[in-house]
Amino acid sequence: MRDLGKLEDLPQEYRDALTEQNLVPLWPSLRGVMPPHKPSPRTQPTVWRYANIKPLLIEAGELTPIEKAERRVLVLANPGHTLEKMQASSAIYLGMQLLLPGEWAPAHRHTPNAIRMIVEGEGAYTTVEGEKCPMSRGDLILTPTGMWHEHGHDGTDPVIWLDVLDLPIVYYIEASYHEESGKQEQSKNSNGSKYRFGGVVPTPMFDRSNKPYAMYRYPWMDVRQTLVTMGEDFPEMDFLQVTYINPETGLDAENILGFYAMMVRPGQQVSLPVRSPAMVFHMIEGSSEITISEQSFQLIKADTCCAPGYTPVQIKNTSSTDPCFIFIADETPLHKKLGVFENRTK
Ligand code: 1HN
């Protein structure tokens, strides 16, 4: 590869003249923005342990009333991007949110797409576009771009969930903003989650109005059962994963990030294909060892880690008796839409 000239090779006077005109020489930075053969990601393999997050989040509940926070969240920030950037990867934001009994997080909508993966507690709910979505451990609730949402809690114990947003990429393209509103009216009719199973969806004439999202809540019990049944039906298959989709279109549940659930059998190890998008892993149930390049993390229930793109990942279930279940978020829909998606598995 050709050695290119450095900034210091240029006379200071010339550099100053360029700066004065808002001009920059490309060649000193060319290899940086386009390294050979493979990107140099800022995203570092990083783990966030629930046992460390939870006490600090509960303390946030004592230090900051919900009225002063609106969303009481501790952001899971990747040090490779610097903590202030609040990024897990270039496109993924992660946060752990706490809602205490009786609290209300007011309605708003925004351009970034969000999902919540419920980690702990019962009795809370998110109202999305008027549809009340109860929160239970492992449930996935969508609040896609432009959809009104608010959180309430009628239960007795703290509820904690993982927020996953495409905020970093939407912010980067200068398209991130929000709007506020009062309480939403809860509609009598649901958007349809309860009509969309068993291989049927309401016939377009009656219901496929102009709603872009067919389903806001994906109950964990249904997804878990699907994985268990797949495992039983395909004993020779070691890659047991489902994709969260919009059941009306068959496409990814949201536009920018992809969401999946995986089951790994007791004692088993799976190697993921090496692909361009970064990934996030959250243990719904059980324990695993996740190896990202040369780094291994031991994860137990409710722990979260992330892997940069273009990186080999192995997942081993560390229990010899119980399956483990992992929620995965990645940047695949974004990469595919941009035409930069790659699978480099040999
Ligand atoms: C947001 O709207 C929520 O609604 C949580 O719970 C986290 C982080 C950044 C921007 C918007 C929520 C968020 C967020």
# chains A, B, ... in the order shown; residues from 1 in each chain; ligands from 1

$ residues_around --residues "range 25-30 of chain A" --least-positions-apart "2" --cutoff "7 Å" --atoms "only C-alpha atoms" --output "list in words"
Leu4, Gly5, Lys6, Leu7, Leu23, Gly32, Val33 and Met34 of chain A

$ residues_around --residues "Val24 in chain A" --least-positions-apart "4" --cutoff "9 Å" --atoms "only C-alpha atoms" --output "VMD selection string"
chain A and resid 15 18 to 19

$ write_last_selection --atoms "all heavy atoms" --output "mmCIF file, in the first residue's frame"
data_model
loop_
_atom_site.group_PDB
_atom_site.id
_atom_site.type_symbol
_atom_site.label_atom_id
_atom_site.label_comp_id
_atom_site.auth_asym_id
_atom_site.auth_seq_id
_atom_site.Cartn_x
_atom_site.Cartn_y
_atom_site.Cartn_z
ATOM 1 N N ARG A 15 -0.918 25.391 5.160
ATOM 2 C CA ARG A 15 -2.003 24.809 5.969
ATOM 3 C C ARG A 15 -2.924 25.907 6.486
ATOM 4 O O ARG A 15 -4.152 25.760 6.492
ATOM 5 C CB ARG A 15 -1.415 24.005 7.136
ATOM 6 C CG ARG A 15 -0.803 22.687 6.670
ATOM 7 C CD ARG A 15 0.216 22.120 7.619
ATOM 8 N NE ARG A 15 -0.325 21.798 8.931
ATOM 9 C CZ ARG A 15 0.395 21.315 9.945
ATOM 10 N NH1 ARG A 15 1.696 21.098 9.779
ATOM 11 N NH2 ARG A 15 -0.164 21.058 11.089
ATOM 12 N N LEU A 18 -5.201 27.129 3.772
ATOM 13 C CA LEU A 18 -6.317 26.198 3.543
ATOM 14 C C LEU A 18 -7.397 26.405 4.604
ATOM 15 O O LEU A 18 -8.587 26.531 4.282
ATOM 16 C CB LEU A 18 -5.819 24.746 3.594
ATOM 17 C CG LEU A 18 -4.919 24.252 2.462
ATOM 18 C CD1 LEU A 18 -4.497 22.802 2.726
ATOM 19 C CD2 LEU A 18 -5.608 24.348 1.107
ATOM 20 N N THR A 19 -6.975 26.446 5.865
ATOM 21 C CA THR A 19 -7.917 26.586 6.976
ATOM 22 C C THR A 19 -8.750 27.856 6.799
ATOM 23 O O THR A 19 -9.975 27.851 7.012
ATOM 24 C CB THR A 19 -7.156 26.634 8.323
ATOM 25 O OG1 THR A 19 -6.330 25.484 8.404
ATOM 26 C CG2 THR A 19 -8.101 26.667 9.507
#

$ residues_near_ligand --ligand "ligand 1" --cutoff "9 Å" --atoms "only C-alpha atoms and all ligand atoms" --output "mmCIF file with all heavy atoms, in the first residue's frame"
data_model
loop_
_atom_site.group_PDB
_atom_site.id
_atom_site.type_symbol
_atom_site.label_atom_id
_atom_site.label_comp_id
_atom_site.auth_asym_id
_atom_site.auth_seq_id
_atom_site.Cartn_x
_atom_site.Cartn_y
_atom_site.Cartn_z
ATOM 1 N N GLU A 70 -37.984 12.691 33.483
ATOM 2 C CA GLU A 70 -38.876 12.293 32.394
ATOM 3 C C GLU A 70 -38.686 10.827 32.030
ATOM 4 O O GLU A 70 -39.628 10.042 32.034
ATOM 5 C CB GLU A 70 -38.691 13.172 31.157
ATOM 6 C CG GLU A 70 -40.004 13.589 30.537
ATOM 7 C CD GLU A 70 -39.840 14.778 29.633
ATOM 8 O OE1 GLU A 70 -39.569 14.552 28.444
ATOM 9 O OE2 GLU A 70 -39.995 15.929 30.125
ATOM 10 N N ARG A 71 -37.439 10.447 31.710
ATOM 11 C CA ARG A 71 -37.096 9.036 31.544
ATOM 12 C C ARG A 71 -35.887 8.812 32.444
ATOM 13 O O ARG A 71 -34.828 9.395 32.217
ATOM 14 C CB ARG A 71 -36.729 8.719 30.099
ATOM 15 C CG ARG A 71 -37.839 8.957 29.072
ATOM 16 C CD ARG A 71 -39.032 8.060 29.302
ATOM 17 N NE ARG A 71 -40.011 8.059 28.212
ATOM 18 C CZ ARG A 71 -41.105 8.827 28.168
ATOM 19 N NH1 ARG A 71 -41.372 9.711 29.117
ATOM 20 N NH2 ARG A 71 -41.950 8.706 27.145
ATOM 21 N N ARG A 72 -36.040 7.930 33.468
ATOM 22 C CA ARG A 72 -34.936 7.732 34.415
ATOM 23 C C ARG A 72 -34.078 6.582 33.914
ATOM 24 O O ARG A 72 -34.383 5.418 34.109
ATOM 25 C CB ARG A 72 -35.473 7.454 35.809
ATOM 26 C CG ARG A 72 -34.407 7.610 36.880
ATOM 27 C CD ARG A 72 -34.862 7.112 38.206
ATOM 28 N NE ARG A 72 -35.837 7.920 38.910
ATOM 29 C CZ ARG A 72 -37.123 7.577 39.065
ATOM 30 N NH1 ARG A 72 -37.605 6.491 38.505
ATOM 31 N NH2 ARG A 72 -37.937 8.320 39.777
ATOM 32 N N VAL A 73 -33.001 6.966 33.252
ATOM 33 C CA VAL A 73 -32.214 5.986 32.490
ATOM 34 C C VAL A 73 -30.731 6.122 32.808
ATOM 35 O O VAL A 73 -30.215 7.242 32.903
ATOM 36 C CB VAL A 73 -32.416 6.211 30.967
ATOM 37 C CG1 VAL A 73 -31.570 5.238 30.159
ATOM 38 C CG2 VAL A 73 -33.885 6.087 30.572
ATOM 39 N N VAL A 75 -27.393 5.179 30.839
ATOM 40 C CA VAL A 75 -27.015 4.788 29.475
ATOM 41 C C VAL A 75 -25.832 3.820 29.514
ATOM 42 O O VAL A 75 -24.868 4.046 30.250
ATOM 43 C CB VAL A 75 -26.664 6.040 28.645
ATOM 44 C CG1 VAL A 75 -26.231 5.649 27.241
ATOM 45 C CG2 VAL A 75 -27.836 7.002 28.605
ATOM 46 N N TYR A 93 -28.022 2.741 20.541
ATOM 47 C CA TYR A 93 -28.051 3.307 21.887
ATOM 48 C C TYR A 93 -28.685 2.282 22.805
ATOM 49 O O TYR A 93 -29.681 1.644 22.436
ATOM 50 C CB TYR A 93 -28.887 4.586 21.872
ATOM 51 C CG TYR A 93 -29.450 4.987 23.225
ATOM 52 C CD1 TYR A 93 -28.895 6.031 23.955
ATOM 53 C CD2 TYR A 93 -30.555 4.316 23.766
ATOM 54 C CE1 TYR A 93 -29.426 6.393 25.195
ATOM 55 C CE2 TYR A 93 -31.077 4.664 24.997
ATOM 56 C CZ TYR A 93 -30.508 5.702 25.705
ATOM 57 O OH TYR A 93 -31.022 6.044 26.924
ATOM 58 N N LEU A 94 -28.126 2.112 24.016
ATOM 59 C CA LEU A 94 -28.701 1.215 25.025
ATOM 60 C C LEU A 94 -28.866 1.970 26.333
ATOM 61 O O LEU A 94 -27.979 2.734 26.723
ATOM 62 C CB LEU A 94 -27.755 0.040 25.313
ATOM 63 C CG LEU A 94 -27.387 -0.928 24.211
ATOM 64 C CD1 LEU A 94 -26.316 -1.892 24.720
ATOM 65 C CD2 LEU A 94 -28.617 -1.669 23.730
ATOM 66 N N GLY A 95 -29.970 1.750 27.022
ATOM 67 C CA GLY A 95 -30.138 2.344 28.346
ATOM 68 C C GLY A 95 -30.950 1.421 29.227
ATOM 69 O O GLY A 95 -31.788 0.661 28.726
ATOM 70 N N MET A 96 -30.689 1.464 30.542
ATOM 71 C CA MET A 96 -31.542 0.736 31.496
ATOM 72 C C MET A 96 -32.425 1.769 32.173
ATOM 73 O O MET A 96 -31.927 2.750 32.736
ATOM 74 C CB MET A 96 -30.698 0.035 32.560
ATOM 75 C CG MET A 96 -30.101 -1.254 32.102
ATOM 76 S SD MET A 96 -31.283 -2.620 32.107
ATOM 77 C CE MET A 96 -30.176 -3.929 31.547
ATOM 78 N N GLN A 97 -33.726 1.538 32.108
ATOM 79 C CA GLN A 97 -34.687 2.516 32.616
ATOM 80 C C GLN A 97 -35.421 1.962 33.835
ATOM 81 O O GLN A 97 -35.808 0.780 33.852
ATOM 82 C CB GLN A 97 -35.686 2.868 31.510
ATOM 83 C CG GLN A 97 -36.706 3.903 31.929
ATOM 84 C CD GLN A 97 -37.407 4.638 30.807
ATOM 85 O OE1 GLN A 97 -38.329 5.406 31.057
ATOM 86 N NE2 GLN A 97 -36.991 4.459 29.575
ATOM 87 N N ALA A 105 -44.228 8.305 33.195
ATOM 88 C CA ALA A 105 -43.284 8.955 32.280
ATOM 89 C C ALA A 105 -44.102 9.474 31.104
ATOM 90 O O ALA A 105 -44.642 8.684 30.329
ATOM 91 C CB ALA A 105 -42.220 7.957 31.819
ATOM 92 N N PRO A 106 -44.245 10.819 30.989
ATOM 93 C CA PRO A 106 -45.250 11.405 30.111
ATOM 94 C C PRO A 106 -45.093 11.078 28.622
ATOM 95 O O PRO A 106 -44.011 10.707 28.173
ATOM 96 C CB PRO A 106 -45.086 12.911 30.353
ATOM 97 C CG PRO A 106 -43.754 13.084 30.956
ATOM 98 C CD PRO A 106 -43.416 11.817 31.674
ATOM 99 N N ALA A 107 -46.196 11.278 27.906
ATOM 100 C CA ALA A 107 -46.242 10.916 26.487
ATOM 101 C C ALA A 107 -45.329 11.809 25.651
ATOM 102 O O ALA A 107 -45.289 13.026 25.843
ATOM 103 C CB ALA A 107 -47.675 11.009 25.977
ATOM 104 N N HIS A 108 -44.612 11.202 24.766
ATOM 105 C CA HIS A 108 -43.871 11.942 23.746
ATOM 106 C C HIS A 108 -43.682 11.039 22.523
ATOM 107 O O HIS A 108 -44.005 9.860 22.561
ATOM 108 C CB HIS A 108 -42.533 12.485 24.291
ATOM 109 C CG HIS A 108 -41.490 11.455 24.581
ATOM 110 N ND1 HIS A 108 -40.302 11.758 25.196
ATOM 111 C CD2 HIS A 108 -41.438 10.114 24.349
ATOM 112 C CE1 HIS A 108 -39.569 10.663 25.308
ATOM 113 N NE2 HIS A 108 -40.233 9.660 24.808
ATOM 114 N N ARG A 109 -43.232 11.652 21.461
ATOM 115 C CA ARG A 109 -42.857 10.866 20.283
ATOM 116 C C ARG A 109 -41.605 11.493 19.702
ATOM 117 O O ARG A 109 -41.319 12.677 19.945
ATOM 118 C CB ARG A 109 -43.998 10.827 19.255
ATOM 119 C CG ARG A 109 -44.366 12.177 18.684
ATOM 120 C CD ARG A 109 -45.475 12.012 17.659
ATOM 121 N NE ARG A 109 -45.834 13.291 17.068
ATOM 122 C CZ ARG A 109 -46.765 13.433 16.135
ATOM 123 N NH1 ARG A 109 -47.441 12.384 15.695
ATOM 124 N NH2 ARG A 109 -47.041 14.616 15.636
ATOM 125 N N HIS A 110 -40.860 10.700 18.988
ATOM 126 C CA HIS A 110 -39.604 11.217 18.442
ATOM 127 C C HIS A 110 -39.226 10.472 17.176
ATOM 128 O O HIS A 110 -39.800 9.413 16.872
ATOM 129 C CB HIS A 110 -38.482 11.147 19.490
ATOM 130 C CG HIS A 110 -38.490 9.916 20.339
ATOM 131 N ND1 HIS A 110 -38.168 8.684 19.868
ATOM 132 C CD2 HIS A 110 -38.808 9.747 21.658
ATOM 133 C CE1 HIS A 110 -38.260 7.789 20.835
ATOM 134 N NE2 HIS A 110 -38.662 8.406 21.949
ATOM 135 N N PRO A 112 -36.166 9.004 16.400
ATOM 136 C CA PRO A 112 -35.493 7.711 16.544
ATOM 137 C C PRO A 112 -36.488 6.598 16.870
ATOM 138 O O PRO A 112 -37.482 6.832 17.560
ATOM 139 C CB PRO A 112 -34.527 7.933 17.723
ATOM 140 C CG PRO A 112 -34.335 9.410 17.792
ATOM 141 C CD PRO A 112 -35.647 9.994 17.363
ATOM 142 N N ASN A 113 -36.249 5.405 16.366
ATOM 143 C CA ASN A 113 -37.042 4.222 16.700
ATOM 144 C C ASN A 113 -36.526 3.650 18.012
ATOM 145 O O ASN A 113 -35.316 3.638 18.256
ATOM 146 C CB ASN A 113 -36.859 3.132 15.643
ATOM 147 C CG ASN A 113 -37.351 3.541 14.283
ATOM 148 O OD1 ASN A 113 -38.531 3.401 13.980
ATOM 149 N ND2 ASN A 113 -36.462 4.083 13.449
ATOM 150 N N ALA A 114 -37.458 3.144 18.832
ATOM 151 C CA ALA A 114 -37.052 2.555 20.110
ATOM 152 C C ALA A 114 -37.736 1.204 20.293
ATOM 153 O O ALA A 114 -38.777 0.931 19.700
ATOM 154 C CB ALA A 114 -37.416 3.485 21.266
ATOM 155 N N ILE A 115 -37.126 0.388 21.108
ATOM 156 C CA ILE A 115 -37.809 -0.807 21.635
ATOM 157 C C ILE A 115 -37.471 -0.884 23.111
ATOM 158 O O ILE A 115 -36.494 -0.304 23.574
ATOM 159 C CB ILE A 115 -37.384 -2.137 20.971
ATOM 160 C CG1 ILE A 115 -35.909 -2.471 21.216
ATOM 161 C CG2 ILE A 115 -37.689 -2.141 19.489
ATOM 162 C CD1 ILE A 115 -35.658 -3.371 22.395
ATOM 163 N N ARG A 116 -38.303 -1.579 23.879
ATOM 164 C CA ARG A 116 -37.903 -1.938 25.245
ATOM 165 C C ARG A 116 -37.960 -3.445 25.399
ATOM 166 O O ARG A 116 -38.849 -4.104 24.856
ATOM 167 C CB ARG A 116 -38.755 -1.280 26.332
ATOM 168 C CG ARG A 116 -40.031 -0.671 25.892
ATOM 169 C CD ARG A 116 -40.215 0.753 26.427
ATOM 170 N NE ARG A 116 -40.284 1.698 25.325
ATOM 171 C CZ ARG A 116 -39.380 2.613 25.065
ATOM 172 N NH1 ARG A 116 -38.319 2.718 25.816
ATOM 173 N NH2 ARG A 116 -39.522 3.437 24.054
ATOM 174 N N THR A 126 -46.502 0.248 28.821
ATOM 175 C CA THR A 126 -46.243 1.356 27.902
ATOM 176 C C THR A 126 -47.496 1.518 27.050
ATOM 177 O O THR A 126 -48.027 0.522 26.546
ATOM 178 C CB THR A 126 -45.045 1.055 26.993
ATOM 179 O OG1 THR A 126 -43.873 0.916 27.797
ATOM 180 C CG2 THR A 126 -44.799 2.175 25.994
ATOM 181 N N THR A 143 -41.663 1.035 20.098
ATOM 182 C CA THR A 143 -42.171 2.403 19.940
ATOM 183 C C THR A 143 -41.436 2.982 18.736
ATOM 184 O O THR A 143 -40.467 3.701 18.868
ATOM 185 C CB THR A 143 -41.966 3.262 21.207
ATOM 186 O OG1 THR A 143 -40.583 3.289 21.557
ATOM 187 C CG2 THR A 143 -42.721 2.696 22.383
ATOM 188 N N TRP A 148 -46.580 7.897 19.393
ATOM 189 C CA TRP A 148 -46.704 8.419 20.760
ATOM 190 C C TRP A 148 -46.503 7.287 21.758
ATOM 191 O O TRP A 148 -47.017 6.184 21.552
ATOM 192 C CB TRP A 148 -48.090 9.031 20.977
ATOM 193 C CG TRP A 148 -48.297 10.302 20.223
ATOM 194 C CD1 TRP A 148 -49.032 10.471 19.091
ATOM 195 C CD2 TRP A 148 -47.762 11.593 20.562
ATOM 196 N NE1 TRP A 148 -48.990 11.785 18.689
ATOM 197 C CE2 TRP A 148 -48.218 12.491 19.575
ATOM 198 C CE3 TRP A 148 -46.932 12.077 21.591
ATOM 199 C CZ2 TRP A 148 -47.891 13.852 19.588
ATOM 200 C CZ3 TRP A 148 -46.609 13.433 21.599
ATOM 201 C CH2 TRP A 148 -47.076 14.299 20.613
ATOM 202 N N HIS A 149 -45.777 7.571 22.844
ATOM 203 C CA HIS A 149 -45.632 6.556 23.893
ATOM 204 C C HIS A 149 -45.403 7.182 25.258
ATOM 205 O O HIS A 149 -44.822 8.248 25.371
ATOM 206 C CB HIS A 149 -44.520 5.564 23.553
ATOM 207 C CG HIS A 149 -43.179 6.208 23.328
ATOM 208 N ND1 HIS A 149 -42.849 6.855 22.159
ATOM 209 C CD2 HIS A 149 -42.088 6.301 24.118
ATOM 210 C CE1 HIS A 149 -41.610 7.308 22.240
ATOM 211 N NE2 HIS A 149 -41.125 6.992 23.419
ATOM 212 N N GLU A 150 -45.918 6.488 26.270
ATOM 213 C CA GLU A 150 -45.728 6.901 27.664
ATOM 214 C C GLU A 150 -45.686 5.636 28.515
ATOM 215 O O GLU A 150 -46.164 4.576 28.080
ATOM 216 C CB GLU A 150 -46.886 7.782 28.105
ATOM 217 C CG GLU A 150 -48.224 7.077 28.116
ATOM 218 C CD GLU A 150 -49.398 8.053 28.243
ATOM 219 O OE1 GLU A 150 -49.798 8.625 27.212
ATOM 220 O OE2 GLU A 150 -49.898 8.199 29.375
ATOM 221 N N HIS A 151 -45.099 5.767 29.719
ATOM 222 C CA HIS A 151 -44.991 4.602 30.601
ATOM 223 C C HIS A 151 -45.706 4.872 31.917
ATOM 224 O O HIS A 151 -45.596 5.966 32.474
ATOM 225 C CB HIS A 151 -43.522 4.280 30.914
ATOM 226 C CG HIS A 151 -42.620 4.301 29.729
ATOM 227 N ND1 HIS A 151 -42.807 3.468 28.651
ATOM 228 C CD2 HIS A 151 -41.524 5.044 29.437
ATOM 229 C CE1 HIS A 151 -41.847 3.698 27.758
ATOM 230 N NE2 HIS A 151 -41.070 4.656 28.207
ATOM 231 N N LEU A 162 -34.649 -2.604 29.397
ATOM 232 C CA LEU A 162 -33.555 -2.182 28.523
ATOM 233 C C LEU A 162 -34.155 -1.446 27.334
ATOM 234 O O LEU A 162 -35.010 -1.996 26.628
ATOM 235 C CB LEU A 162 -32.783 -3.423 28.040
ATOM 236 C CG LEU A 162 -31.640 -3.186 27.057
ATOM 237 C CD1 LEU A 162 -30.468 -2.476 27.733
ATOM 238 C CD2 LEU A 162 -31.161 -4.518 26.457
ATOM 239 N N ASP A 163 -33.742 -0.217 27.113
ATOM 240 C CA ASP A 163 -34.152 0.540 25.930
ATOM 241 C C ASP A 163 -33.101 0.355 24.845
ATOM 242 O O ASP A 163 -31.901 0.462 25.111
ATOM 243 C CB ASP A 163 -34.216 2.042 26.234
ATOM 244 C CG ASP A 163 -35.360 2.426 27.157
ATOM 245 O OD1 ASP A 163 -36.506 2.061 26.863
ATOM 246 O OD2 ASP A 163 -35.106 3.105 28.166
ATOM 247 N N VAL A 164 -33.544 0.075 23.628
ATOM 248 C CA VAL A 164 -32.619 0.020 22.486
ATOM 249 C C VAL A 164 -33.142 0.990 21.431
ATOM 250 O O VAL A 164 -34.301 0.878 21.010
ATOM 251 C CB VAL A 164 -32.516 -1.406 21.887
ATOM 252 C CG1 VAL A 164 -31.468 -1.440 20.781
ATOM 253 C CG2 VAL A 164 -32.199 -2.437 22.961
ATOM 254 N N LEU A 165 -32.324 1.955 21.055
ATOM 255 C CA LEU A 165 -32.728 2.959 20.061
ATOM 256 C C LEU A 165 -31.676 3.062 18.965
ATOM 257 O O LEU A 165 -30.506 2.733 19.182
ATOM 258 C CB LEU A 165 -32.870 4.347 20.698
ATOM 259 C CG LEU A 165 -34.102 4.662 21.538
ATOM 260 C CD1 LEU A 165 -33.934 4.163 22.964
ATOM 261 C CD2 LEU A 165 -34.411 6.154 21.543
ATOM 262 N N LEU A 167 -30.875 5.936 18.036
ATOM 263 C CA LEU A 167 -30.580 7.356 18.264
ATOM 264 C C LEU A 167 -29.234 7.827 17.677
ATOM 265 O O LEU A 167 -29.189 8.886 17.041
ATOM 266 C CB LEU A 167 -30.652 7.640 19.775
ATOM 267 C CG LEU A 167 -30.284 9.030 20.257
ATOM 268 C CD1 LEU A 167 -31.249 10.076 19.730
ATOM 269 C CD2 LEU A 167 -30.250 9.079 21.787
ATOM 270 N N SER A 176 -32.821 13.996 14.487
ATOM 271 C CA SER A 176 -33.365 13.610 15.795
ATOM 272 C C SER A 176 -34.071 14.782 16.464
ATOM 273 O O SER A 176 -33.468 15.832 16.676
ATOM 274 C CB SER A 176 -32.225 13.103 16.693
ATOM 275 O OG SER A 176 -32.735 12.751 17.960
ATOM 276 N N TYR A 177 -35.372 14.607 16.776
ATOM 277 C CA TYR A 177 -36.101 15.589 17.581
ATOM 278 C C TYR A 177 -37.305 14.916 18.216
ATOM 279 O O TYR A 177 -37.635 13.781 17.864
ATOM 280 C CB TYR A 177 -36.534 16.795 16.736
ATOM 281 C CG TYR A 177 -37.629 16.489 15.739
ATOM 282 C CD1 TYR A 177 -38.973 16.703 16.075
ATOM 283 C CD2 TYR A 177 -37.339 15.990 14.489
ATOM 284 C CE1 TYR A 177 -39.989 16.424 15.170
ATOM 285 C CE2 TYR A 177 -38.352 15.702 13.573
ATOM 286 C CZ TYR A 177 -39.675 15.920 13.930
ATOM 287 O OH TYR A 177 -40.669 15.636 13.048
ATOM 288 N N HIS A 178 -37.938 15.598 19.182
ATOM 289 C CA HIS A 178 -39.096 14.993 19.851
ATOM 290 C C HIS A 178 -40.219 16.011 20.002
ATOM 291 O O HIS A 178 -40.017 17.223 19.857
ATOM 292 C CB HIS A 178 -38.694 14.446 21.224
ATOM 293 C CG HIS A 178 -38.795 15.460 22.322
ATOM 294 N ND1 HIS A 178 -37.901 16.504 22.467
ATOM 295 C CD2 HIS A 178 -39.714 15.605 23.313
ATOM 296 C CE1 HIS A 178 -38.265 17.231 23.504
ATOM 297 N NE2 HIS A 178 -39.356 16.718 24.039
#

$ closest_residue --among "A:Gln12, A:Asn317, A:Thr156, A:Ser187" --to "Gln269 in chain A" --atoms "only C-alpha atoms"
A:Asn317

$ residues_around --residues "Ala69 in chain A" --least-positions-apart "3" --cutoff "12 Å" --atoms "only C-alpha atoms" --output "MDAnalysis selection string"
chainID A and resid 60:66 72:74 97:99 103:106

$ residues_around --residues "range 258-264 of chain A" --least-positions-apart "4" --cutoff "8 Å" --atoms "only C-alpha atoms" --output "PyMOL selection string"
chain A and resi 223+227-228+238-244+252-254+268-270+316-317+323-333

$ select_by_dssp --residues "range 189-341 of chain A" --states "strand (DSSP E)" --output "NGL selection string"
:A and (217-218 or 240-243 or 258-264 or 269-272 or 279-285 or 288-292 or 295-299 or 304-307 or 313-317 or 324-330)

$ residues_around --residues "Thr249 in chain A" --least-positions-apart "6" --cutoff "10 Å" --atoms "only C-alpha atoms" --output "list in words"
Pro212, Tyr213 and Ala214 of chain A

$ decode --residues "range 336-341 of chain A" --atoms "all heavy atoms" --output "PDB file, in the first residue's frame"
ATOM      1  N   LYS A 336     -28.303  -3.265   5.218  1.00  0.00           N
ATOM      2  CA  LYS A 336     -28.915  -3.754   3.972  1.00  0.00           C
ATOM      3  C   LYS A 336     -29.511  -2.600   3.182  1.00  0.00           C
ATOM      4  O   LYS A 336     -29.374  -2.537   1.959  1.00  0.00           O
ATOM      5  CB  LYS A 336     -29.956  -4.832   4.279  1.00  0.00           C
ATOM      6  CG  LYS A 336     -29.282  -6.113   4.757  1.00  0.00           C
ATOM      7  CD  LYS A 336     -30.180  -7.330   4.709  1.00  0.00           C
ATOM      8  CE  LYS A 336     -29.329  -8.587   4.903  1.00  0.00           C
ATOM      9  NZ  LYS A 336     -30.098  -9.770   5.255  1.00  0.00           N
ATOM     10  N   LYS A 337     -30.193  -1.689   3.872  1.00  0.00           N
ATOM     11  CA  LYS A 337     -30.795  -0.559   3.152  1.00  0.00           C
ATOM     12  C   LYS A 337     -29.737   0.335   2.529  1.00  0.00           C
ATOM     13  O   LYS A 337     -29.953   0.916   1.465  1.00  0.00           O
ATOM     14  CB  LYS A 337     -31.698   0.234   4.087  1.00  0.00           C
ATOM     15  CG  LYS A 337     -33.023  -0.494   4.287  1.00  0.00           C
ATOM     16  CD  LYS A 337     -33.928   0.143   5.289  1.00  0.00           C
ATOM     17  CE  LYS A 337     -35.214  -0.652   5.346  1.00  0.00           C
ATOM     18  NZ  LYS A 337     -35.617  -1.021   6.683  1.00  0.00           N
ATOM     19  N   LEU A 338     -28.600   0.449   3.206  1.00  0.00           N
ATOM     20  CA  LEU A 338     -27.537   1.307   2.669  1.00  0.00           C
ATOM     21  C   LEU A 338     -26.694   0.575   1.619  1.00  0.00           C
ATOM     22  O   LEU A 338     -25.846   1.184   0.969  1.00  0.00           O
ATOM     23  CB  LEU A 338     -26.626   1.794   3.812  1.00  0.00           C
ATOM     24  CG  LEU A 338     -27.286   2.703   4.847  1.00  0.00           C
ATOM     25  CD1 LEU A 338     -26.275   3.111   5.913  1.00  0.00           C
ATOM     26  CD2 LEU A 338     -27.879   3.948   4.193  1.00  0.00           C
ATOM     27  N   GLY A 339     -26.906  -0.732   1.504  1.00  0.00           N
ATOM     28  CA  GLY A 339     -26.149  -1.503   0.511  1.00  0.00           C
ATOM     29  C   GLY A 339     -24.724  -1.809   0.941  1.00  0.00           C
ATOM     30  O   GLY A 339     -23.887  -2.151   0.102  1.00  0.00           O
ATOM     31  N   VAL A 340     -24.427  -1.718   2.243  1.00  0.00           N
ATOM     32  CA  VAL A 340     -23.064  -1.997   2.710  1.00  0.00           C
ATOM     33  C   VAL A 340     -22.994  -3.292   3.516  1.00  0.00           C
ATOM     34  O   VAL A 340     -21.952  -3.621   4.079  1.00  0.00           O
ATOM     35  CB  VAL A 340     -22.488  -0.832   3.569  1.00  0.00           C
ATOM     36  CG1 VAL A 340     -22.401   0.444   2.743  1.00  0.00           C
ATOM     37  CG2 VAL A 340     -23.330  -0.597   4.834  1.00  0.00           C
ATOM     38  N   PHE A 341     -24.116  -4.048   3.556  1.00  0.00           N
ATOM     39  CA  PHE A 341     -24.134  -5.294   4.325  1.00  0.00           C
ATOM     40  C   PHE A 341     -23.163  -6.298   3.724  1.00  0.00           C
ATOM     41  O   PHE A 341     -23.124  -6.483   2.520  1.00  0.00           O
ATOM     42  CB  PHE A 341     -25.547  -5.887   4.333  1.00  0.00           C
ATOM     43  CG  PHE A 341     -25.631  -7.186   5.088  1.00  0.00           C
ATOM     44  CD1 PHE A 341     -25.822  -7.173   6.452  1.00  0.00           C
ATOM     45  CD2 PHE A 341     -25.505  -8.397   4.429  1.00  0.00           C
ATOM     46  CE1 PHE A 341     -25.902  -8.372   7.165  1.00  0.00           C
ATOM     47  CE2 PHE A 341     -25.576  -9.601   5.133  1.00  0.00           C
ATOM     48  CZ  PHE A 341     -25.778  -9.582   6.501  1.00  0.00           C
TER      49      PHE A 341
END
